[in-house]
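> protein36.csv (CSV, C-alpha atoms) pasted underneath:
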```
chain,number,residue,atom,x,y,z
L,1,MET,CA,71.4,92.9,100.5
L,2,ILE,CA,71.0,96.5,101.5
L,3,LYS,CA,70.2,96.9,105.2
L,4,LYS,CA,68.0,99.7,106.4
L,5,TYR,CA,68.3,101.1,109.8
L,6,ILE,CA,65.5,103.3,111.2
L,7,ILE,CA,66.4,106.2,113.6
L,8,LEU,CA,64.0,106.8,116.4
L,9,PHE,CA,65.4,110.1,117.3
L,10,CYS,CA,62.5,112.6,117.5
L,11,PHE,CA,63.1,115.7,115.5
L,12,PRO,CA,64.9,118.4,117.5
L,13,PHE,CA,61.9,120.7,117.7
L,14,PHE,CA,60.3,118.2,120.1
L,15,PHE,CA,63.3,117.9,122.3
L,16,LEU,CA,63.9,121.7,122.5
L,17,ALA,CA,61.1,121.8,125.1
L,18,ILE,CA,63.4,120.0,127.5
L,19,THR,CA,66.8,121.1,126.1
L,20,TYR,CA,69.1,123.3,128.1
L,21,SER,CA,71.2,125.6,126.0
L,22,GLN,CA,72.7,128.3,128.2
L,23,ASP,CA,74.6,131.0,126.4
L,24,SER,CA,75.6,133.3,129.3
L,25,ILE,CA,76.6,131.5,132.5
L,26,HIS,CA,79.3,133.7,134.1
L,27,ILE,CA,82.2,131.8,135.6
L,28,LYS,CA,84.2,135.0,136.1
L,29,LYS,CA,82.8,138.4,136.7
L,30,ASN,CA,85.5,140.4,135.0
L,31,LYS,CA,83.4,142.3,132.5
L,32,THR,CA,86.4,143.6,130.7
L,33,ASP,CA,87.6,140.2,129.5
L,34,THR,CA,86.2,139.7,126.1
L,35,ILE,CA,87.1,137.4,123.1
L,36,SER,CA,85.6,136.8,119.8
L,37,PHE,CA,84.1,133.6,118.4
L,38,SER,CA,84.5,135.3,115.0
L,39,SER,CA,88.2,134.4,114.7
L,40,GLU,CA,87.1,132.0,112.0
L,41,ASN,CA,85.0,134.5,110.0
L,42,TYR,CA,81.8,133.1,111.7
L,43,ASN,CA,79.0,135.7,111.7
L,44,ILE,CA,76.7,134.9,114.6
L,45,LYS,CA,74.4,137.8,113.8
L,46,ASN,CA,73.3,136.3,110.5
L,47,ASN,CA,72.8,132.8,111.9
L,48,ILE,CA,70.1,131.1,113.9
L,49,ASP,CA,69.9,127.8,115.9
L,50,PHE,CA,67.2,125.6,117.2
L,51,VAL,CA,67.0,127.6,120.5
L,52,ASP,CA,66.2,130.7,118.4
L,53,VAL,CA,63.4,128.7,116.6
L,54,PHE,CA,62.0,127.3,119.8
L,55,ARG,CA,61.9,130.7,121.5
L,56,LYS,CA,60.3,132.3,118.5
L,57,ILE,CA,57.5,129.7,118.5
L,58,PHE,CA,56.9,129.1,122.2
L,59,VAL,CA,58.2,132.1,124.1
L,60,LYS,CA,56.0,135.1,123.8
L,61,ASN,CA,57.8,138.4,123.5
L,62,ALA,CA,61.2,136.7,124.0
L,63,ALA,CA,64.1,139.1,124.3
L,64,PRO,CA,66.7,138.7,121.6
L,65,ARG,CA,69.5,136.5,122.6
L,66,LYS,CA,72.7,138.5,123.2
L,67,ASP,CA,75.0,138.6,120.3
L,68,THR,CA,78.1,137.0,121.7
L,69,GLY,CA,80.3,137.7,118.7
L,70,ASN,CA,82.4,139.2,121.6
L,71,VAL,CA,82.3,136.5,124.3
L,72,LYS,CA,83.3,137.3,127.8
L,73,THR,CA,86.0,135.1,129.2
L,74,GLY,CA,84.6,132.4,131.4
L,75,LYS,CA,81.2,132.3,129.8
L,76,LEU,CA,79.9,128.8,129.4
L,77,HIS,CA,78.1,127.7,126.3
L,78,ALA,CA,76.3,124.4,127.1
L,79,SER,CA,73.8,122.1,125.4
L,80,VAL,CA,72.0,119.1,126.8
L,81,LEU,CA,70.1,116.8,124.5
L,82,PRO,CA,67.9,113.8,125.2
L,83,ALA,CA,67.9,111.4,122.3
L,84,ALA,CA,66.8,107.9,121.2
L,85,GLN,CA,68.3,106.1,118.3
L,86,TYR,CA,68.8,102.7,116.7
L,87,THR,CA,72.1,101.0,115.7
L,88,LEU,CA,72.9,97.4,114.8
L,89,GLN,CA,75.2,96.9,117.8
L,90,THR,CA,72.8,98.5,120.4
L,91,GLY,CA,69.3,98.1,119.2
L,92,ILE,CA,67.2,101.0,120.6
L,93,ALA,CA,69.4,103.2,122.6
L,94,PHE,CA,68.3,106.1,125.0
L,95,SER,CA,70.8,108.8,125.7
L,96,ILE,CA,71.3,112.1,127.4
L,97,VAL,CA,74.2,113.9,125.6
L,98,ALA,CA,75.8,117.1,127.0
L,99,ASN,CA,78.3,119.5,125.5
L,100,ALA,CA,79.9,122.5,127.0
L,101,ALA,CA,82.4,125.1,125.5
L,102,PHE,CA,84.2,128.0,127.0
L,103,TYR,CA,87.3,130.2,126.7
L,104,THR,CA,89.9,130.8,129.4
L,105,SER,CA,91.5,134.0,128.1
L,106,ASN,CA,90.7,137.2,126.1
L,107,ASP,CA,93.4,136.5,123.5
L,108,SER,CA,92.0,136.5,120.0
L,109,ALA,CA,94.1,133.4,119.3
L,110,ALA,CA,92.7,131.5,122.4
L,111,ASN,CA,91.6,127.9,121.8
L,112,ILE,CA,88.2,126.9,122.9
L,113,SER,CA,87.9,124.4,125.7
L,114,SER,CA,85.2,121.7,125.5
L,115,ILE,CA,83.6,118.9,127.5
L,116,LEU,CA,81.5,116.1,125.9
L,117,THR,CA,79.7,113.4,127.9
L,118,SER,CA,76.7,111.2,127.6
L,119,VAL,CA,74.7,108.6,129.6
L,120,ASN,CA,73.5,105.7,127.5
L,121,TYR,CA,71.3,102.6,128.0
L,122,THR,CA,70.2,100.3,125.3
L,123,GLN,CA,67.7,97.6,124.4
L,124,LYS,CA,70.4,95.0,124.8
L,125,ASN,CA,71.0,96.0,128.4
L,126,GLN,CA,74.2,97.8,127.5
L,127,PHE,CA,75.3,100.8,129.6
L,128,PHE,CA,78.1,103.2,128.7
L,129,MET,CA,79.2,106.6,129.8
L,130,PRO,CA,82.1,108.5,128.2
L,131,ILE,CA,83.6,111.7,129.5
L,132,GLN,CA,85.9,113.6,127.1
L,133,GLY,CA,87.5,116.9,127.8
L,134,ASN,CA,89.8,119.2,125.9
L,135,PHE,CA,91.0,122.0,128.3
L,136,TRP,CA,93.3,124.9,127.5
L,137,THR,CA,94.8,127.2,130.2
L,138,LYS,CA,95.3,130.9,129.7
L,139,GLY,CA,97.5,131.7,126.7
L,140,ASN,CA,97.2,128.2,125.4
L,141,LYS,CA,100.1,127.3,127.6
L,142,ILE,CA,98.8,123.9,128.8
L,143,ASN,CA,96.4,121.5,127.1
L,144,ILE,CA,94.8,118.9,129.4
L,145,LEU,CA,93.1,116.0,127.5
L,146,THR,CA,90.7,113.7,129.3
L,147,ASP,CA,89.2,110.5,128.0
L,148,TRP,CA,87.3,108.4,130.6
L,149,HIS,CA,84.9,105.6,129.8
L,150,PHE,CA,82.8,103.1,131.7
L,151,GLU,CA,81.1,100.4,129.6
L,152,LYS,CA,79.1,97.3,130.0
L,153,TYR,CA,78.8,96.9,126.4
L,154,PRO,CA,79.0,93.8,124.1
L,155,GLN,CA,81.3,94.6,121.2
L,156,PRO,CA,80.9,92.9,117.8
L,157,THR,CA,83.9,91.2,116.3
L,158,TYR,CA,84.5,89.6,112.9
L,159,GLY,CA,88.0,88.4,113.2
L,160,LEU,CA,91.4,89.9,112.1
L,161,GLY,CA,92.3,91.5,108.9
L,162,GLY,CA,90.4,92.8,105.9
L,163,TYR,CA,89.1,89.5,104.5
L,164,THR,CA,86.5,88.9,107.2
L,165,LYS,CA,82.9,88.5,106.4
L,166,LEU,CA,79.9,90.3,107.9
L,167,ASP,CA,78.0,87.0,108.4
L,168,ASN,CA,80.7,85.7,110.7
L,169,GLY,CA,80.3,88.4,113.3
L,170,TYR,CA,79.4,87.7,116.9
L,171,ASN,CA,79.6,89.6,120.2
L,172,ILE,CA,82.3,89.8,122.9
L,173,ASN,CA,80.8,90.6,126.3
L,174,TYR,CA,82.9,92.5,128.8
L,175,THR,CA,82.9,95.3,131.4
L,176,TYR,CA,85.4,98.0,130.7
L,177,ILE,CA,87.0,101.0,132.4
L,178,ARG,CA,89.2,103.4,130.4
L,179,MET,CA,91.2,106.2,132.0
L,180,TYR,CA,93.3,108.3,129.6
L,181,GLN,CA,94.9,111.5,130.9
L,182,THR,CA,97.3,113.6,129.0
L,183,PHE,CA,99.2,116.9,129.9
L,184,LEU,CA,100.8,118.9,127.1
L,185,LYS,CA,102.9,122.0,127.4
L,186,THR,CA,103.5,124.7,124.9
L,187,ILE,CA,107.0,124.9,123.4
L,188,ARG,CA,106.0,127.5,120.7
L,189,PRO,CA,102.6,128.8,119.5
L,190,ASP,CA,100.3,125.9,118.6
L,191,LEU,CA,103.0,123.3,119.3
L,192,TYR,CA,103.0,121.1,122.4
L,193,VAL,CA,104.8,118.1,123.9
L,194,GLY,CA,103.8,116.2,127.0
L,195,ILE,CA,103.2,113.0,128.8
L,196,GLY,CA,100.2,111.0,129.8
L,197,TYR,CA,98.9,107.8,131.4
L,198,ASN,CA,96.6,105.2,129.7
L,199,LEU,CA,94.7,102.5,131.4
L,200,ASP,CA,92.4,99.9,129.8
L,201,TYR,CA,90.9,97.4,132.1
L,202,TYR,CA,88.5,94.7,130.8
L,203,TRP,CA,87.0,92.0,132.9
L,204,ASN,CA,84.2,89.3,132.6
L,205,ILE,CA,85.3,88.8,129.0
L,206,GLU,CA,83.5,86.1,127.1
L,207,GLU,CA,82.5,85.2,123.6
L,208,THR,CA,78.7,85.1,122.9
L,209,ASN,CA,77.5,82.6,120.3
L,210,PRO,CA,80.8,82.3,118.3
L,211,PRO,CA,80.7,80.3,115.0
L,212,VAL,CA,80.1,76.6,115.8
L,213,GLY,CA,83.0,74.2,115.3
L,214,VAL,CA,85.4,77.1,114.4
L,215,VAL,CA,88.4,78.3,116.4
L,216,THR,CA,87.9,82.1,116.3
L,217,ASP,CA,90.6,84.6,115.7
L,218,PHE,CA,90.2,85.8,119.2
L,219,GLU,CA,90.9,82.3,120.6
L,220,LYS,CA,93.9,81.9,118.3
L,221,TYR,CA,95.2,85.3,119.4
L,222,GLY,CA,94.7,84.6,123.1
L,223,LEU,CA,91.3,84.7,124.8
L,224,SER,CA,91.3,85.4,128.6
L,225,THR,CA,88.6,86.6,131.0
L,226,THR,CA,90.6,89.8,132.0
L,227,SER,CA,92.8,92.1,130.1
L,228,VAL,CA,94.9,95.0,131.4
L,229,ALA,CA,96.9,97.5,129.4
L,230,SER,CA,98.6,100.1,131.5
L,231,GLY,CA,101.3,102.5,130.4
L,232,PHE,CA,102.7,106.0,129.9
L,233,THR,CA,102.3,107.9,126.7
L,234,PHE,CA,104.7,110.4,125.1
L,235,ASN,CA,102.9,113.0,123.0
L,236,PHE,CA,103.5,115.6,120.3
L,237,LEU,CA,100.6,117.9,119.4
L,238,TYR,CA,100.3,120.6,116.8
L,239,ASP,CA,96.9,122.3,116.9
L,240,LYS,CA,96.1,125.4,114.8
L,241,ARG,CA,92.3,125.1,115.2
L,242,ARG,CA,90.6,127.8,117.2
L,243,ASN,CA,87.4,125.9,117.6
L,244,SER,CA,87.8,122.2,117.9
L,245,ILE,CA,84.1,121.6,118.0
L,246,ASN,CA,83.5,122.8,114.5
L,247,PRO,CA,86.7,124.1,112.8
L,248,ASN,CA,86.6,126.4,109.7
L,249,ASN,CA,90.3,126.3,109.1
L,250,GLY,CA,93.6,125.2,110.7
L,251,ALA,CA,95.3,121.9,111.2
L,252,TYR,CA,95.7,119.3,113.9
L,253,VAL,CA,98.5,116.6,114.3
L,254,ASN,CA,98.6,114.3,117.3
L,255,ILE,CA,101.4,111.7,117.6
L,256,SER,CA,101.4,109.5,120.6
L,257,LEU,CA,103.7,106.7,121.6
L,258,ARG,CA,102.3,104.4,124.2
L,259,GLU,CA,104.6,102.1,126.3
L,260,ASN,CA,102.7,99.5,128.3
L,261,THR,CA,104.7,97.7,131.0
L,262,THR,CA,104.0,94.9,133.5
L,263,PHE,CA,105.6,97.2,136.1
L,264,LEU,CA,102.5,99.4,135.8
L,265,GLY,CA,100.1,96.5,135.9
L,266,SER,CA,99.9,95.6,132.2
L,267,ASN,CA,99.5,91.9,131.4
L,268,ASN,CA,102.5,92.1,129.1
L,269,ASN,CA,104.9,94.6,127.6
L,270,TRP,CA,103.9,96.2,124.3
L,271,SER,CA,104.0,99.5,122.6
L,272,SER,CA,101.9,101.3,120.0
L,273,LEU,CA,102.1,104.4,117.9
L,274,LEU,CA,99.1,106.6,117.0
L,275,ILE,CA,99.2,109.3,114.3
L,276,ASP,CA,96.1,111.4,114.0
L,277,ALA,CA,96.2,114.3,111.5
L,278,ARG,CA,93.5,116.7,110.3
L,279,LYS,CA,93.4,119.7,107.9
L,280,TYR,CA,90.6,122.2,107.2
L,281,PHE,CA,90.2,124.4,104.2
L,282,GLN,CA,87.7,127.2,103.8
L,283,LEU,CA,86.9,127.3,100.1
L,284,SER,CA,86.9,130.6,98.3
L,285,ASN,CA,85.9,132.7,101.3
L,286,THR,CA,82.6,130.9,101.6
L,287,ASN,CA,81.0,128.8,104.3
L,288,THR,CA,82.0,125.6,102.4
L,289,ILE,CA,84.7,123.6,104.3
L,290,LEU,CA,86.9,120.8,103.0
L,291,ALA,CA,88.0,118.6,105.9
L,292,LEU,CA,90.7,115.9,105.6
L,293,TRP,CA,91.5,113.2,108.2
L,294,THR,CA,94.1,110.4,108.5
L,295,TYR,CA,94.1,108.1,111.6
L,296,ASN,CA,96.8,105.5,111.8
L,297,TRP,CA,97.7,103.0,114.5
L,298,PHE,CA,100.7,100.7,114.6
L,299,THR,CA,101.9,97.9,117.0
L,300,VAL,CA,105.5,98.9,117.5
L,301,SER,CA,106.6,96.1,119.7
L,302,GLY,CA,105.2,93.2,121.7
L,303,LYS,CA,101.6,91.9,121.4
L,304,ALA,CA,98.7,94.2,122.0
L,305,PRO,CA,95.7,92.6,123.7
L,306,TYR,CA,92.9,91.7,121.2
L,307,LEU,CA,90.5,94.3,122.6
L,308,ASN,CA,93.2,97.0,122.3
L,309,LEU,CA,93.9,96.3,118.6
L,310,ALA,CA,93.0,98.9,116.1
L,311,ASN,CA,89.4,98.4,114.9
L,312,THR,CA,86.6,100.3,113.1
L,313,ALA,CA,85.5,103.2,115.3
L,314,CYS,CA,88.4,102.8,117.7
L,315,ASP,CA,89.1,106.6,117.9
L,316,THR,CA,88.3,108.6,121.0
L,317,TYR,CA,84.8,109.6,119.8
L,318,LEU,CA,84.0,106.3,118.0
L,319,ASN,CA,83.7,108.1,114.6
L,320,MET,CA,86.2,106.6,112.2
L,321,GLY,CA,84.9,104.2,109.5
L,322,ARG,CA,81.4,105.6,108.8
L,323,GLY,CA,79.7,103.2,106.5
L,324,TYR,CA,80.7,100.2,108.7
L,325,ILE,CA,79.4,99.2,112.1
L,326,GLN,CA,81.7,99.5,115.1
L,327,GLY,CA,84.4,96.7,115.3
L,328,ARG,CA,83.8,95.6,111.7
L,329,TYR,CA,87.5,95.3,111.0
L,330,ARG,CA,90.4,94.7,113.4
L,331,GLY,CA,94.2,94.3,113.1
L,332,GLN,CA,97.6,94.9,114.5
L,333,ASN,CA,98.1,97.9,112.2
L,334,LEU,CA,95.7,100.4,110.7
L,335,LEU,CA,95.8,103.0,107.9
L,336,TYR,CA,92.8,105.3,107.5
L,337,LEU,CA,91.9,108.2,105.3
L,338,GLU,CA,88.7,110.4,105.2
L,339,SER,CA,87.5,113.5,103.4
L,340,GLU,CA,84.4,115.5,104.1
L,341,LEU,CA,82.8,118.5,102.3
L,342,ARG,CA,80.7,120.7,104.7
L,343,PHE,CA,78.2,123.3,103.4
L,344,LYS,CA,75.2,125.3,104.3
L,345,ILE,CA,71.7,124.3,103.1
L,346,LEU,CA,69.9,127.3,104.6
L,347,LYS,CA,71.6,130.7,104.5
L,348,ASN,CA,70.8,131.3,108.2
L,349,GLY,CA,73.0,128.3,109.1
L,350,LEU,CA,70.1,126.3,110.8
L,351,ILE,CA,70.5,123.3,108.4
L,352,GLY,CA,73.7,122.2,106.6
L,353,GLY,CA,74.9,119.2,104.8
L,354,ILE,CA,78.0,117.0,104.2
L,355,VAL,CA,79.3,114.4,101.8
L,356,PHE,CA,82.1,112.1,102.8
L,357,ALA,CA,84.4,109.3,101.6
L,358,ASN,CA,86.8,107.1,103.6
L,359,ALA,CA,88.9,104.0,103.4
L,360,GLN,CA,90.5,101.8,106.0
L,361,SER,CA,93.1,99.0,105.7
L,362,TYR,CA,94.4,96.5,108.3
L,363,THR,CA,97.3,94.1,108.3
L,364,GLU,CA,96.6,90.4,107.9
L,365,PRO,CA,97.2,88.1,110.9
L,366,VAL,CA,99.6,85.8,109.1
L,367,THR,CA,101.6,88.0,106.7
L,368,ASN,CA,101.3,91.2,108.8
L,369,LYS,CA,100.9,93.1,105.5
L,370,PHE,CA,98.3,95.5,104.2
L,371,GLN,CA,96.4,93.5,101.5
L,372,THR,CA,92.9,95.0,101.4
L,373,ILE,CA,91.2,98.4,101.3
L,374,SER,CA,87.6,98.8,102.6
L,375,PRO,CA,86.1,102.0,101.2
L,376,ALA,CA,82.8,103.8,102.2
L,377,CYS,CA,81.0,107.0,101.3
L,378,GLY,CA,77.9,108.8,102.4
L,379,VAL,CA,75.9,112.0,103.1
L,380,GLY,CA,74.6,113.7,106.1
L,381,LEU,CA,72.6,116.6,107.6
L,382,ARG,CA,73.7,119.1,110.2
L,383,PHE,CA,71.2,120.9,112.5
L,384,LYS,CA,72.5,124.0,114.4
L,385,LEU,CA,72.0,123.4,118.1
L,386,ASN,CA,74.1,126.2,119.5
L,387,LYS,CA,75.3,129.0,117.2
L,388,PHE,CA,77.6,130.5,119.8
L,389,SER,CA,79.8,127.4,120.1
L,390,LYS,CA,78.9,126.2,116.6
L,391,THR,CA,77.7,122.9,117.9
L,392,ASN,CA,75.7,120.9,115.4
L,393,ILE,CA,73.5,117.8,115.7
L,394,ALA,CA,74.9,115.4,113.0
L,395,PHE,CA,73.0,112.7,111.2
L,396,ASP,CA,75.0,110.7,108.6
L,397,TRP,CA,74.3,107.7,106.4
L,398,GLY,CA,77.1,105.7,104.8
L,399,TYR,CA,77.3,103.1,102.0
L,400,SER,CA,80.0,100.5,101.9
L,401,LYS,CA,80.6,97.0,100.6
L,402,ASP,CA,78.5,95.8,103.5
L,403,GLY,CA,75.5,97.8,102.2
L,404,LEU,CA,73.7,100.9,103.5
L,405,VAL,CA,74.6,101.5,107.2
L,406,GLY,CA,73.2,104.3,109.3
L,407,PRO,CA,72.3,106.7,110.6
L,408,PHE,CA,75.3,107.8,112.6
L,409,PHE,CA,74.5,110.3,115.3
L,410,ASN,CA,76.8,112.9,116.8
L,411,LEU,CA,76.7,116.0,118.9
L,412,GLY,CA,79.4,118.0,117.1
L,413,GLU,CA,81.3,117.2,114.0
L,414,VAL,CA,82.8,113.8,113.3
L,415,PHE,CA,86.3,115.3,113.1
```
Rewrite the coordinates I just gave you, this time as structure tokens.


Amino acid sequence: MIKKYIILFCFPFFFLAITYSQDSIHIKKNKTDTISFSSENYNIKNNIDFVDVFRKIFVKNAAPRKDTGNVKTGKLHASVLPAAQYTLQTGIAFSIVANAAFYTSNDSAANISSILTSVNYTQKNQFFMPIQGNFWTKGNKINILTDWHFEKYPQPTYGLGGYTKLDNGYNINYTYIRMYQTFLKTIRPDLYVGIGYNLDYYWNIEETNPPVGVVTDFEKYGLSTTSVASGFTFNFLYDKRRNSINPNNGAYVNISLRENTTFLGSNNNWSSLLIDARKYFQLSNTNTILALWTYNWFTVSGKAPYLNLANTACDTYLNMGRGYIQGRYRGQNLLYLESELRFKILKNGLIGGIVFANAQSYTEPVTNKFQTISPACGVGLRFKLNKFSKTNIAFDWGYSKDGLVGPFFNLGEVF
């Protein structure tokens, strides 16, 4: 049966009345420091965003917004967006989403730094607030990655492996703090190595209305009221993208080995390996982009806690596996592939579109082998919120063997 989900997000024209999109906040007053957003052949002069549209309609005799094709170092490009949406796992959710982007040097090869955060409250009394940052120091010498979360957020689970059924899903209630911090140092242009610390702390864990008369996979795996995973990470990063918010070209490879130990407070010793790789192709000198993504997670040793196992939408921004709801699949090892074609619908860049396809596979709990593949595909629209940082509002709909699932809402691209 095809399931339909209705988004309650009011069209961006309405929210622009209370949207902040500041294009020229000076952090530094050195007027000689300039860099170019056009390093990816992005022509701001011929593009408009929703702020331009709003100003044209509602601001009488508004002065033209400054062409920041040459952007002064330290200038902050920020957007704040109130939103309401509906998803299966949250019901009606109300959010305030904020995004900021800036450069720290006048080098034409400088990477853009960004911060993304949101405050969210849902119909099901869920509260969650992520803070994610990607900061580059001058000359791209140091990359500081931040991923902090606070959640009081029931998560759906359907069991382990790829043979689970949608009808067998139920919620796991918990309160959760995540603190991931990584420091990377340049060893050559675009190549970095570093160390980090990851903490996952869950408490008040309980199953809500699990299947009657059935021992769940969570119970078989080891259900407890608290779960702590604490350990160092050893990281390798290659990042050729110049704008991580919306890349036109370049590549990204992140390899992270996580070693959790009881010495650092973890419930048990275990380790995992994450491989996250992305490649972007600008087709035939046009504005059409082909983006490829693979996200793979492996249990290297020990036994990872159930809530730390790889699952649908377990990436930093909860984006992988469009076409399936969050937590739909879970397992000790994950292989994931996705491709996306991005294109303009309007020549002025205000509205764009995408088509995507993906597939995920998890090892089975008994054999520990990959035996199933769960594919999905879909389409989406992109609305230009801030042309200077190239930030889009993303609405996607996916179709999978579970039926039609969507929309998926993002401030910025999915990957």

> One decimal, Å: what's the distance from CA of Asn120 (chain L) over to CA of Gln132 (chain L), could you say?

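Atom-to-atom, CA of Asn120 (chain L) and CA of Gln132 (chain L) are spaced 14.7 Å apart.
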
> Please determine, counting all atoms listed in the file, which residue among L:Asn268, L:Thr233, L:Thr157, L:Asn171 has the shortest atom-to-atom distance to Lys124 (chain L).

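Between L:Asn268, L:Thr233, L:Thr157, L:Asn171, the residue approaching Lys124 (chain L) most closely is L:Asn171.
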
> When distances are computed from only C-alpha atoms, which of L:Asn134, L:Thr186, L:Ser389, L:Ser400 shows the smallest separation from Arg322 (chain L)?

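Using only C-alpha atoms, the shortest distance to Arg322 (chain L) belongs to L:Ser400.
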
> What is the CA of His77 (chain L) to CA of Phe408 (chain L) distance in Å?

24.3 Å

> Name the closest residue to Ser95 (chain L) among the candidates L:Ala83, L:Ile177, L:Ile289, L:Val414; distances are taken between atoms, counting all atoms listed in the file.

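Of the candidates, the smallest distance to Ser95 (chain L) is held by L:Ala83.
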